[in-house]
Each structure stands twice: as C-alpha cells, then as structure tokens.
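Printed here is coords07.pdb (PDB, C-alpha atoms):
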MODEL        1
ATOM      1  CA  MET A   1      17.332 -28.413 -20.706
ATOM      2  CA  GLN A   2      18.563 -24.976 -19.664
ATOM      3  CA  HIS A   3      20.984 -24.728 -16.751
ATOM      4  CA  ILE A   4      20.182 -22.114 -14.078
ATOM      5  CA  ASP A   5      22.881 -20.879 -11.711
ATOM      6  CA  GLU A   6      21.184 -20.990  -8.291
ATOM      7  CA  LYS A   7      23.482 -18.527  -6.541
ATOM      8  CA  LYS A   8      23.273 -16.097  -9.470
ATOM      9  CA  LEU A   9      19.517 -15.877  -8.906
ATOM     10  CA  TYR A  10      20.330 -14.080  -5.649
ATOM     11  CA  THR A  11      23.268 -11.997  -6.831
ATOM     12  CA  ASP A  12      22.270 -10.844 -10.336
ATOM     13  CA  ASP A  13      18.937  -9.023 -10.535
ATOM     14  CA  LYS A  14      18.710  -9.106 -14.326
ATOM     15  CA  TYR A  15      19.552 -12.804 -14.424
ATOM     16  CA  ARG A  16      16.828 -13.493 -11.857
ATOM     17  CA  PHE A  17      14.273 -11.445 -13.799
ATOM     18  CA  GLU A  18      15.118 -13.205 -17.057
ATOM     19  CA  TYR A  19      14.660 -16.586 -15.391
ATOM     20  CA  VAL A  20      11.329 -15.708 -13.727
ATOM     21  CA  ALA A  21      10.046 -13.981 -16.876
ATOM     22  CA  ALA A  22      11.030 -16.955 -19.044
ATOM     23  CA  TYR A  23       9.377 -19.365 -16.604
ATOM     24  CA  MET A  24       6.135 -17.345 -16.664
ATOM     25  CA  GLY A  25       6.313 -16.611 -20.371
ATOM     26  CA  PHE A  26       6.352 -12.859 -19.796
ATOM     27  CA  GLY A  27       7.564 -11.091 -22.926
ATOM     28  CA  GLU A  28       6.894  -8.582 -25.678
ATOM     29  CA  LYS A  29       3.298  -9.744 -26.168
ATOM     30  CA  ASP A  30       2.521  -8.999 -22.509
ATOM     31  CA  ILE A  31       4.229  -5.598 -22.629
ATOM     32  CA  LYS A  32       2.193  -4.617 -25.687
ATOM     33  CA  ALA A  33      -1.002  -5.806 -23.979
ATOM     34  CA  ILE A  34      -0.323  -3.566 -20.957
ATOM     35  CA  GLU A  35       0.592  -0.624 -23.173
ATOM     36  CA  SER A  36      -2.612  -1.086 -25.180
ATOM     37  CA  VAL A  37      -4.788  -0.309 -22.143
ATOM     38  CA  ALA A  38      -2.448   2.050 -20.272
ATOM     39  CA  GLU A  39      -4.215   5.265 -21.279
ATOM     40  CA  ARG A  40      -7.626   3.897 -20.290
ATOM     41  CA  MET A  41      -6.315   2.493 -17.007
ATOM     42  CA  ARG A  42      -4.637   5.691 -15.795
ATOM     43  CA  PRO A  43      -7.885   7.458 -14.751
ATOM     44  CA  LEU A  44      -8.629   4.462 -12.496
ATOM     45  CA  VAL A  45      -5.372   4.792 -10.526
ATOM     46  CA  PRO A  46      -6.683   7.206  -7.823
ATOM     47  CA  ALA A  47      -9.590   4.865  -7.041
ATOM     48  CA  ILE A  48      -7.241   1.877  -6.813
ATOM     49  CA  VAL A  49      -4.934   3.811  -4.487
ATOM     50  CA  ASP A  50      -7.826   4.812  -2.208
ATOM     51  CA  SER A  51      -9.098   1.237  -2.045
ATOM     52  CA  VAL A  52      -5.652  -0.022  -1.055
ATOM     53  CA  TYR A  53      -5.389   2.337   1.910
ATOM     54  CA  VAL A  54      -8.935   1.703   3.050
ATOM     55  CA  LYS A  55      -7.979  -1.971   3.154
ATOM     56  CA  GLN A  56      -4.710  -1.253   5.006
ATOM     57  CA  PHE A  57      -6.646   0.653   7.663
ATOM     58  CA  GLU A  58      -8.996  -2.264   8.315
ATOM     59  CA  PHE A  59      -6.318  -4.041  10.378
ATOM     60  CA  ASP A  60      -4.234  -2.641  13.216
ATOM     61  CA  ILE A  61      -1.326  -4.900  12.261
ATOM     62  CA  THR A  62      -1.025  -3.263   8.830
ATOM     63  CA  LYS A  63      -2.024   0.252   9.877
ATOM     64  CA  ARG A  64       0.804   0.412  12.432
ATOM     65  CA  TYR A  65       3.400   0.381   9.655
ATOM     66  CA  PHE A  66       2.297   3.887   8.678
ATOM     67  CA  LEU A  67       3.113   5.464  12.048
ATOM     68  CA  PRO A  68       6.925   5.702  11.574
ATOM     69  CA  LYS A  69       8.127   8.569   9.394
ATOM     70  CA  ASN A  70       8.701   7.629   5.794
ATOM     71  CA  GLU A  71      11.977   8.384   4.104
ATOM     72  CA  GLY A  72      11.436  11.632   2.193
ATOM     73  CA  PHE A  73       8.472  12.769   4.306
ATOM     74  CA  THR A  74       9.181  16.069   6.103
ATOM     75  CA  GLY A  75       5.878  16.661   7.891
ATOM     76  CA  GLU A  76       4.670  15.719  11.362
ATOM     77  CA  VAL A  77       3.792  12.107  12.087
ATOM     78  CA  ALA A  78       0.782  10.872  14.044
ATOM     79  CA  ASN A  79       1.351   9.793  17.650
ATOM     80  CA  SER A  80      -1.155   6.933  17.646
ATOM     81  CA  LEU A  81      -3.251   4.778  15.359
ATOM     82  CA  ASP A  82      -6.322   6.799  16.316
ATOM     83  CA  GLU A  83      -4.638  10.017  15.178
ATOM     84  CA  LEU A  84      -3.619   8.453  11.874
ATOM     85  CA  THR A  85      -6.439   9.084   9.407
ATOM     86  CA  LEU A  86      -6.759   8.489   5.685
ATOM     87  CA  ASP A  87      -6.333  12.214   5.027
ATOM     88  CA  HIS A  88      -3.225  12.566   7.244
ATOM     89  CA  PRO A  89      -0.306  14.228   5.376
ATOM     90  CA  GLN A  90       1.901  11.149   5.719
ATOM     91  CA  ILE A  91      -0.831   8.942   4.242
ATOM     92  CA  GLN A  92      -1.265  11.406   1.392
ATOM     93  CA  PHE A  93       2.493  11.138   0.880
ATOM     94  CA  ARG A  94       2.216   7.334   0.743
ATOM     95  CA  LYS A  95      -0.770   7.486  -1.579
ATOM     96  CA  ASN A  96       1.184   9.687  -3.925
ATOM     97  CA  PHE A  97       3.994   7.138  -3.929
ATOM     98  CA  LEU A  98       1.622   4.260  -4.731
ATOM     99  CA  GLY A  99      -0.060   6.306  -7.469
ATOM    100  CA  LYS A 100       3.311   6.971  -9.111
ATOM    101  CA  TYR A 101       4.158   3.287  -8.862
ATOM    102  CA  LEU A 102       0.951   2.228 -10.625
ATOM    103  CA  LEU A 103       1.464   4.833 -13.349
ATOM    104  CA  ARG A 104       5.040   3.627 -13.788
ATOM    105  CA  ILE A 105       4.045   0.025 -14.373
ATOM    106  CA  LEU A 106       1.476   1.243 -16.903
ATOM    107  CA  LYS A 107       3.775   3.450 -18.925
ATOM    108  CA  GLY A 108       7.109   1.611 -18.736
ATOM    109  CA  PRO A 109       9.464   1.596 -20.514
ATOM    110  CA  TYR A 110      10.197  -1.966 -19.473
ATOM    111  CA  ASP A 111      13.980  -1.736 -19.562
ATOM    112  CA  ASP A 112      16.845  -2.218 -17.089
ATOM    113  CA  ARG A 113      15.913   0.989 -15.261
ATOM    114  CA  PHE A 114      12.384  -0.352 -14.810
ATOM    115  CA  LEU A 115      13.750  -3.566 -13.302
ATOM    116  CA  LYS A 116      15.887  -1.537 -10.892
ATOM    117  CA  TYR A 117      12.767   0.411  -9.961
ATOM    118  CA  LEU A 118      10.859  -2.802  -9.152
ATOM    119  CA  ASP A 119      13.816  -3.916  -7.047
ATOM    120  CA  TRP A 120      13.948  -0.557  -5.227
ATOM    121  CA  VAL A 121      10.217  -0.714  -4.442
ATOM    122  CA  ALA A 122      10.758  -4.092  -2.793
ATOM    123  CA  LYS A 123      13.925  -3.079  -0.998
ATOM    124  CA  ILE A 124      12.504   0.014   0.725
ATOM    125  CA  HIS A 125       9.965  -2.146   2.537
ATOM    126  CA  THR A 126      12.737  -4.108   4.254
ATOM    127  CA  ASP A 127      15.139  -2.950   6.941
ATOM    128  CA  THR A 128      18.378  -2.527   4.999
ATOM    129  CA  PRO A 129      21.469  -0.509   5.993
ATOM    130  CA  GLU A 130      21.039   1.920   3.074
ATOM    131  CA  LYS A 131      17.676   3.171   4.327
ATOM    132  CA  LYS A 132      17.191   6.199   6.554
ATOM    133  CA  SER A 133      13.862   4.937   7.837
ATOM    134  CA  LYS A 134      13.560   1.635   9.690
ATOM    135  CA  ILE A 135      10.252   0.470   8.254
ATOM    136  CA  ASN A 136      10.408  -3.304   7.871
ATOM    137  CA  VAL A 137       7.139  -4.847   6.722
ATOM    138  CA  ASP A 138       6.650  -8.555   7.376
ATOM    139  CA  TYR A 139       6.283 -10.505   4.147
ATOM    140  CA  VAL A 140       2.859 -11.893   5.060
ATOM    141  CA  HIS A 141       1.436  -8.353   4.757
ATOM    142  CA  VAL A 142       3.350  -7.594   1.555
ATOM    143  CA  ASN A 143       2.051 -10.778  -0.044
ATOM    144  CA  ALA A 144      -1.531  -9.977   0.960
ATOM    145  CA  LEU A 145      -1.135  -6.414  -0.341
ATOM    146  CA  MET A 146       0.150  -7.583  -3.716
ATOM    147  CA  GLY A 147      -2.835  -9.912  -4.029
ATOM    148  CA  PHE A 148      -5.202  -7.054  -3.223
ATOM    149  CA  VAL A 149      -3.520  -4.687  -5.698
ATOM    150  CA  GLU A 150      -3.736  -7.289  -8.435
ATOM    151  CA  SER A 151      -7.435  -7.816  -7.713
ATOM    152  CA  ALA A 152      -7.969  -4.044  -7.962
ATOM    153  CA  ILE A 153      -6.153  -4.009 -11.311
ATOM    154  CA  ILE A 154      -8.292  -6.913 -12.537
ATOM    155  CA  ASN A 155     -11.452  -5.023 -11.584
ATOM    156  CA  GLY A 156     -10.120  -2.003 -13.461
ATOM    157  CA  VAL A 157      -9.432  -4.037 -16.603
ATOM    158  CA  VAL A 158     -12.871  -5.614 -16.476
ATOM    159  CA  GLN A 159     -14.427  -2.132 -16.439
ATOM    160  CA  LEU A 160     -12.783  -1.315 -19.787
ATOM    161  CA  GLY A 161     -15.255  -3.495 -21.689
ATOM    162  CA  LEU A 162     -12.655  -5.271 -23.822
ATOM    163  CA  ASP A 163     -13.618  -8.233 -25.947
ATOM    164  CA  ARG A 164     -13.074 -11.530 -24.218
ATOM    165  CA  GLU A 165      -9.875 -12.527 -26.043
ATOM    166  CA  GLU A 166      -8.155  -9.158 -25.538
ATOM    167  CA  GLU A 167      -9.245  -9.015 -21.904
ATOM    168  CA  ALA A 168      -7.727 -12.452 -21.255
ATOM    169  CA  VAL A 169      -4.394 -11.373 -22.758
ATOM    170  CA  VAL A 170      -4.325  -8.129 -20.744
ATOM    171  CA  LEU A 171      -5.246  -9.850 -17.478
ATOM    172  CA  SER A 172      -2.584 -12.488 -18.051
ATOM    173  CA  ALA A 173       0.031  -9.778 -18.689
ATOM    174  CA  PHE A 174      -0.802  -7.882 -15.487
ATOM    175  CA  ASN A 175      -0.869 -11.127 -13.529
ATOM    176  CA  LYS A 176       2.659 -12.003 -14.663
ATOM    177  CA  LEU A 177       3.939  -8.493 -13.955
ATOM    178  CA  MET A 178       2.530  -8.500 -10.424
ATOM    179  CA  TRP A 179       4.080 -11.874  -9.692
ATOM    180  CA  ILE A 180       7.407 -10.597 -10.997
ATOM    181  CA  GLN A 181       7.124  -7.666  -8.589
ATOM    182  CA  ASN A 182       6.217 -10.047  -5.787
ATOM    183  CA  ASP A 183       9.347 -12.055  -6.550
ATOM    184  CA  TYR A 184      11.453  -8.926  -6.036
ATOM    185  CA  TYR A 185       9.989  -8.741  -2.531
ATOM    186  CA  ALA A 186      10.592 -12.436  -1.950
ATOM    187  CA  LYS A 187      14.235 -12.001  -2.970
ATOM    188  CA  TYR A 188      14.861  -9.873   0.132
ATOM    189  CA  TYR A 189      12.764 -11.891   2.538
ATOM    190  CA  MET A 190      13.819 -15.365   1.371
ATOM    191  CA  ASN A 191      17.386 -14.898   0.205
ATOM    192  CA  PRO A 192      19.728 -17.462   1.790
ATOM    193  CA  TYR A 193      22.755 -15.307   0.955
ATOM    194  CA  PHE A 194      21.220 -11.963   1.962
ATOM    195  CA  ASN A 195      20.113 -13.476   5.279
ATOM    196  CA  GLU A 196      23.309 -15.424   5.979
ATOM    197  CA  ALA A 197      24.138 -13.239   8.967
ATOM    198  CA  MET A 198      20.660 -13.773  10.406
ATOM    199  CA  GLN A 199      20.987 -17.516   9.920
ATOM    200  CA  LYS A 200      24.237 -17.487  11.895
ATOM    201  CA  LYS A 201      22.543 -15.447  14.612
ATOM    202  CA  PHE A 202      19.619 -17.888  14.860
ATOM    203  CA  ALA A 203      22.028 -20.841  14.873
ATOM    204  CA  ALA A 204      23.987 -19.280  17.761
ATOM    205  CA  GLU A 205      20.771 -18.594  19.694
ATOM    206  CA  LYS A 206      19.575 -22.152  19.104
ATOM    207  CA  LYS A 207      22.913 -23.545  20.269
ATOM    208  CA  ALA A 208      22.789 -21.394  23.391
ATOM    209  CA  GLN A 209      19.220 -22.506  24.069
ATOM    210  CA  LYS A 210      20.212 -26.154  23.621
ATOM    211  CA  SER A 211      23.140 -25.728  26.012
ATOM    212  CA  SER A 212      20.780 -24.151  28.532
ATOM    213  CA  THR A 213      18.330 -27.045  28.115
ATOM    214  CA  ASN A 214      21.144 -29.572  28.631
ATOM    215  CA  LEU A 215      22.241 -27.697  31.746
ATOM    216  CA  PHE A 216      18.732 -27.862  33.183
ATOM    217  CA  SER A 217      18.566 -31.552  32.267
ATOM    218  CA  ASP A 218      21.854 -32.191  34.069
ATOM    219  CA  LEU A 219      20.583 -30.277  37.085
ATOM    220  CA  ASN A 220      17.377 -32.335  37.063
ATOM    221  CA  ILE A 221      19.392 -35.576  36.991
ATOM    222  CA  ILE A 222      21.575 -34.351  39.858
ATOM    223  CA  SER A 223      18.461 -33.404  41.842
ATOM    224  CA  ILE A 224      16.997 -36.863  41.298
ATOM    225  CA  LEU A 225      20.250 -38.548  42.340
ATOM    226  CA  ILE A 226      20.443 -36.387  45.467
ATOM    227  CA  GLY A 227      16.835 -37.316  46.241
ATOM    228  CA  ILE A 228      17.562 -41.010  45.829
ATOM    229  CA  ILE A 229      20.700 -40.815  47.983
ATOM    230  CA  ALA A 230      18.907 -38.791  50.637
ATOM    231  CA  GLY A 231      16.034 -41.238  50.662
ATOM    232  CA  GLY A 232      18.419 -44.176  50.909
ATOM    233  CA  LEU A 233      20.263 -42.582  53.806
ATOM    234  CA  GLY A 234      16.973 -41.920  55.519
ATOM    235  CA  VAL A 235      15.934 -45.566  55.244
ATOM    236  CA  TRP A 236      19.381 -46.771  56.399
ATOM    237  CA  MET A 237      19.370 -44.476  59.419
ATOM    238  CA  SER A 238      15.830 -45.541  60.297
ATOM    239  CA  CYS A 239      16.821 -49.229  60.169
ATOM    240  CA  ASN A 240      19.926 -48.719  62.309
ATOM    241  CA  LYS A 241      17.903 -46.731  64.801
ATOM    242  CA  ASN A 242      15.473 -49.587  65.204
TER     243      ASN A 242
ENDMDL
END
Please, can you express the file's structure as structure tokens?
Amino acid sequence: MQHIDEKKLYTDDKYRFEYVAAYMGFGEKDIKAIESVAERMRPLVPAIVDSVYVKQFEFDITKRYFLPKNEGFTGEVANSLDELTLDHPQIQFRKNFLGKYLLRILKGPYDDRFLKYLDWVAKIHTDTPEKKSKINVDYVHVNALMGFVESAIINGVVQLGLDREEEAVVLSAFNKLMWIQNDYYAKYYMNPYFNEAMQKKFAAEKKAQKSSTNLFSDLNIISILIGIIAGGLGVWMSCNKN
C-alpha cells in the first residue's frame, strides 16, 4: 500500500498531480490517444468555444461574471448585463482565451510547464492576492462549466468517426484530463491550508454570534424573572389591599 502525504497534496502541485493521475490511471497511453486526434479536433475548437458562451449567457448568475474587466483586457467594459452581448470585445477576449486553452490541452506537451498552466487556469478564477482583477467565480459554476466543456469535447470526438475501441480510449483520456483540470480548481476552493485564514474568520464570526445569542438568552431569562417578580408583587399588594 502506497503512503500519501495529505498535507503535501495541498503544498506540492506535482505531487498532487502524480497522485490524482495515478488514481485515475492517466498516463502515456492517454496522452498518445489525445495526440492521435489533436489535428482533427482543432477545427472543432471555435464551435466548442461558441457553445460554451451561449450556455454561459443562458443564466444571469453566470453571465454577471463577465461584467468586471478581465486582467489583460484593455477595452471598455459593458455597464449592464443587457449591454453585454456575445460579440462584445470583452467576450471576444474571453473566447480567445478559452480557444487557446483548448488548443493547449490538445497539443501539449504534457510536462511540468503544462501542469503549471492547468494550475494557473484554475487560480485566475479565484480571488487571490496576485491577481489584478477581482473575479472570483463560485465553484458550483466552475464545476458545471467543466461538465459542459467535457460534454462538448465528447460530441467533438464522436463526430470524428473513430472505430469503437479507439473512440473509447480517446474519450477515456479526455475524461481523465478534464477531471485533473477540475481538481486544480478544487485545490483552491477546498484547500484546508489555503483557506486557513477564512476558517479562522468564520470561527470568530460564529463565536461572536454565539455570544450574542447567549446575551439575548440571558436577557430573556432576566425579562421572565422580572415578569414573575412583578406579577408576584402585584398579587401581594392586591391581597394586602383587600
């Protein structure tokens, strides 16, 4: 049985990748499968990109993330969701970014630089001190997006007309790669060490809330006691009066 250092999973990107890849069985066979269809998949990238942004624009909660200016974008931003269209310059900028990402995962090379690239893609969607922009996408939307992108890739592979055995190998390879990318996102959203400061903040807020609740409880008890005493005095005075 292989020992895995839990803390190292959150502090050593390569170590984490090697663990996740080994768990999934992602290796040279998968890389070769992706490379074998890369040239035929590249022409499909623009259609995949368009489909992704059409989907993003179906919901106000996901569309709103495209209003803030992206890091690296120098043009004018839209002032409202209604002004933000699929052909807006900032959306074209984002589409270009996604297109380059898809081409990168098709061409590799799958080395340490590639792993750093996958990590960077995940990191820029979170609010980290190194970023100029303050775009911080909730993980629920990232997870849904990754599922949609993988489905689009699957549809693209199916269109290639591969024989059944080769198609299965290629689909399995892309599936593993997308889950590896998704894990890079999860590392930032669900990292107990990365979020230690936030945990302390929540703990302090919870403690303060509890103290406030106890204070109100004490006040309620005091109010009840005062009511009982006042009622008792009222009865006593009434009896003495009679």
Once the PyMOL selection byres ((chain A and resi 3-9) around 12) is applied to the coordinates I shared, what remains selected? I want it as a PDB file with C-alpha atoms, keeping the file's coordinate frame.
ATOM      1  CA  MET A   1      17.332 -28.413 -20.706  1.00  0.00           C
ATOM      2  CA  GLN A   2      18.563 -24.976 -19.664  1.00  0.00           C
ATOM      3  CA  TYR A  10      20.330 -14.080  -5.649  1.00  0.00           C
ATOM      4  CA  THR A  11      23.268 -11.997  -6.831  1.00  0.00           C
ATOM      5  CA  ASP A  12      22.270 -10.844 -10.336  1.00  0.00           C
ATOM      6  CA  ASP A  13      18.937  -9.023 -10.535  1.00  0.00           C
ATOM      7  CA  LYS A  14      18.710  -9.106 -14.326  1.00  0.00           C
ATOM      8  CA  TYR A  15      19.552 -12.804 -14.424  1.00  0.00           C
ATOM      9  CA  ARG A  16      16.828 -13.493 -11.857  1.00  0.00           C
ATOM     10  CA  PHE A  17      14.273 -11.445 -13.799  1.00  0.00           C
ATOM     11  CA  GLU A  18      15.118 -13.205 -17.057  1.00  0.00           C
ATOM     12  CA  TYR A  19      14.660 -16.586 -15.391  1.00  0.00           C
ATOM     13  CA  VAL A  20      11.329 -15.708 -13.727  1.00  0.00           C
ATOM     14  CA  ALA A  22      11.030 -16.955 -19.044  1.00  0.00           C
ATOM     15  CA  TYR A  23       9.377 -19.365 -16.604  1.00  0.00           C
ATOM     16  CA  ASP A 183       9.347 -12.055  -6.550  1.00  0.00           C
ATOM     17  CA  TYR A 184      11.453  -8.926  -6.036  1.00  0.00           C
ATOM     18  CA  ALA A 186      10.592 -12.436  -1.950  1.00  0.00           C
ATOM     19  CA  LYS A 187      14.235 -12.001  -2.970  1.00  0.00           C
ATOM     20  CA  TYR A 188      14.861  -9.873   0.132  1.00  0.00           C
ATOM     21  CA  MET A 190      13.819 -15.365   1.371  1.00  0.00           C
ATOM     22  CA  ASN A 191      17.386 -14.898   0.205  1.00  0.00           C
ATOM     23  CA  PRO A 192      19.728 -17.462   1.790  1.00  0.00           C
ATOM     24  CA  TYR A 193      22.755 -15.307   0.955  1.00  0.00           C
ATOM     25  CA  PHE A 194      21.220 -11.963   1.962  1.00  0.00           C
TER      26      PHE A 194
END
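One distance worth recording is that between atom CA of A:Trp179 and atom CA of A:Val149, which is 11.2 Å.
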_What would the selection look like, as a VMD selection string, if the PyMOL selection byres ((chain A and resi 45) around 12) were run on the coordinates I just shared?_
chain A and resid 38 to 44 46 to 52 95 to 106 149 152 to 153 155 to 157
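The closest residue to A:Ile124, picked from A:Leu86, A:Asn70, A:Phe93, A:Gly75 and counting all atoms listed in the file, is A:Asn70.
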*Output the residue selection produced by the PyMOL selection byres ((chain A and resi 78) around 12) on the file above, formatted as a VMD selection string.*
chain A and resid 63 to 70 75 to 77 79 to 91
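Atom CA of A:Lys176 is found 21.1 Å from atom CA of A:His125.
Atom CA of A:Arg164 lies 24.4 Å from atom CA of A:Ile180.
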*In file coordinates, which residues lie within 10 Å of (10.5, -8.9, -20.9) using only C-alpha atoms, given as a PyMOL selection string?*
chain A and resi 17-18+20-22+25-31+110-112+115+177
Because some atoms of stretch 26-48 of chain A are absent here, can you restore N, CA, C and O atoms and send them as a compact mmCIF listing (two decimals), keeping the file's coordinate frame?
# COMPACT_ATOMS: atom_id res chain seq x y z
N PHE A 26 6.58 -14.29 -19.69
CA PHE A 26 6.35 -12.86 -19.80
C PHE A 26 7.31 -12.28 -20.84
O PHE A 26 8.52 -12.45 -20.73
N GLY A 27 6.72 -11.62 -21.86
CA GLY A 27 7.56 -11.09 -22.93
C GLY A 27 6.93 -9.93 -23.66
O GLY A 27 6.06 -9.23 -23.11
N GLU A 28 7.33 -9.73 -24.89
CA GLU A 28 6.89 -8.58 -25.68
C GLU A 28 5.37 -8.54 -25.84
O GLU A 28 4.77 -7.46 -25.82
N LYS A 29 4.76 -9.69 -26.01
CA LYS A 29 3.30 -9.74 -26.17
C LYS A 29 2.60 -9.17 -24.93
O LYS A 29 1.61 -8.43 -25.04
N ASP A 30 3.11 -9.49 -23.76
CA ASP A 30 2.52 -9.00 -22.51
C ASP A 30 2.73 -7.49 -22.36
O ASP A 30 1.83 -6.77 -21.92
N ILE A 31 3.93 -7.03 -22.71
CA ILE A 31 4.23 -5.60 -22.63
C ILE A 31 3.29 -4.80 -23.53
O ILE A 31 2.73 -3.77 -23.13
N LYS A 32 3.09 -5.30 -24.74
CA LYS A 32 2.19 -4.62 -25.69
C LYS A 32 0.75 -4.63 -25.18
O LYS A 32 0.01 -3.67 -25.38
N ALA A 33 0.36 -5.71 -24.51
CA ALA A 33 -1.00 -5.81 -23.98
C ALA A 33 -1.23 -4.76 -22.90
O ALA A 33 -2.28 -4.10 -22.84
N ILE A 34 -0.22 -4.58 -22.01
CA ILE A 34 -0.32 -3.57 -20.96
C ILE A 34 -0.35 -2.17 -21.57
O ILE A 34 -1.16 -1.33 -21.18
N GLU A 35 0.53 -1.94 -22.52
CA GLU A 35 0.59 -0.62 -23.17
C GLU A 35 -0.70 -0.30 -23.91
O GLU A 35 -1.10 0.87 -23.99
N SER A 36 -1.39 -1.32 -24.40
CA SER A 36 -2.61 -1.09 -25.18
C SER A 36 -3.76 -0.54 -24.34
O SER A 36 -4.69 0.07 -24.86
N VAL A 37 -3.71 -0.77 -23.02
CA VAL A 37 -4.79 -0.31 -22.14
C VAL A 37 -4.31 0.76 -21.16
O VAL A 37 -5.09 1.23 -20.33
N ALA A 38 -3.04 1.13 -21.25
CA ALA A 38 -2.45 2.05 -20.27
C ALA A 38 -3.22 3.36 -20.16
O ALA A 38 -3.54 3.82 -19.05
N GLU A 39 -3.53 3.97 -21.30
CA GLU A 39 -4.22 5.26 -21.28
C GLU A 39 -5.58 5.17 -20.63
O GLU A 39 -6.02 6.08 -19.92
N ARG A 40 -6.28 4.07 -20.87
CA ARG A 40 -7.63 3.90 -20.29
C ARG A 40 -7.57 3.48 -18.82
O ARG A 40 -8.53 3.68 -18.07
N MET A 41 -6.44 2.91 -18.40
CA MET A 41 -6.32 2.49 -17.01
C MET A 41 -5.89 3.63 -16.09
O MET A 41 -6.22 3.64 -14.90
N ARG A 42 -5.18 4.61 -16.63
CA ARG A 42 -4.64 5.69 -15.80
C ARG A 42 -5.69 6.44 -14.99
O ARG A 42 -5.46 6.75 -13.81
N PRO A 43 -6.86 6.76 -15.55
CA PRO A 43 -7.88 7.46 -14.75
C PRO A 43 -8.38 6.64 -13.55
O PRO A 43 -8.97 7.20 -12.61
N LEU A 44 -8.16 5.32 -13.58
CA LEU A 44 -8.63 4.46 -12.50
C LEU A 44 -7.64 4.39 -11.33
O LEU A 44 -7.98 3.89 -10.26
N VAL A 45 -6.43 4.90 -11.53
CA VAL A 45 -5.37 4.79 -10.53
C VAL A 45 -5.76 5.41 -9.18
O VAL A 45 -5.57 4.77 -8.13
N PRO A 46 -6.32 6.63 -9.13
CA PRO A 46 -6.68 7.21 -7.82
C PRO A 46 -7.66 6.34 -7.04
O PRO A 46 -7.52 6.20 -5.80
N ALA A 47 -8.62 5.72 -7.73
CA ALA A 47 -9.59 4.86 -7.04
C ALA A 47 -8.91 3.61 -6.51
O ALA A 47 -9.23 3.13 -5.40
N ILE A 48 -7.97 3.05 -7.27
CA ILE A 48 -7.24 1.88 -6.81
C ILE A 48 -6.42 2.21 -5.57
O ILE A 48 -6.39 1.46 -4.60
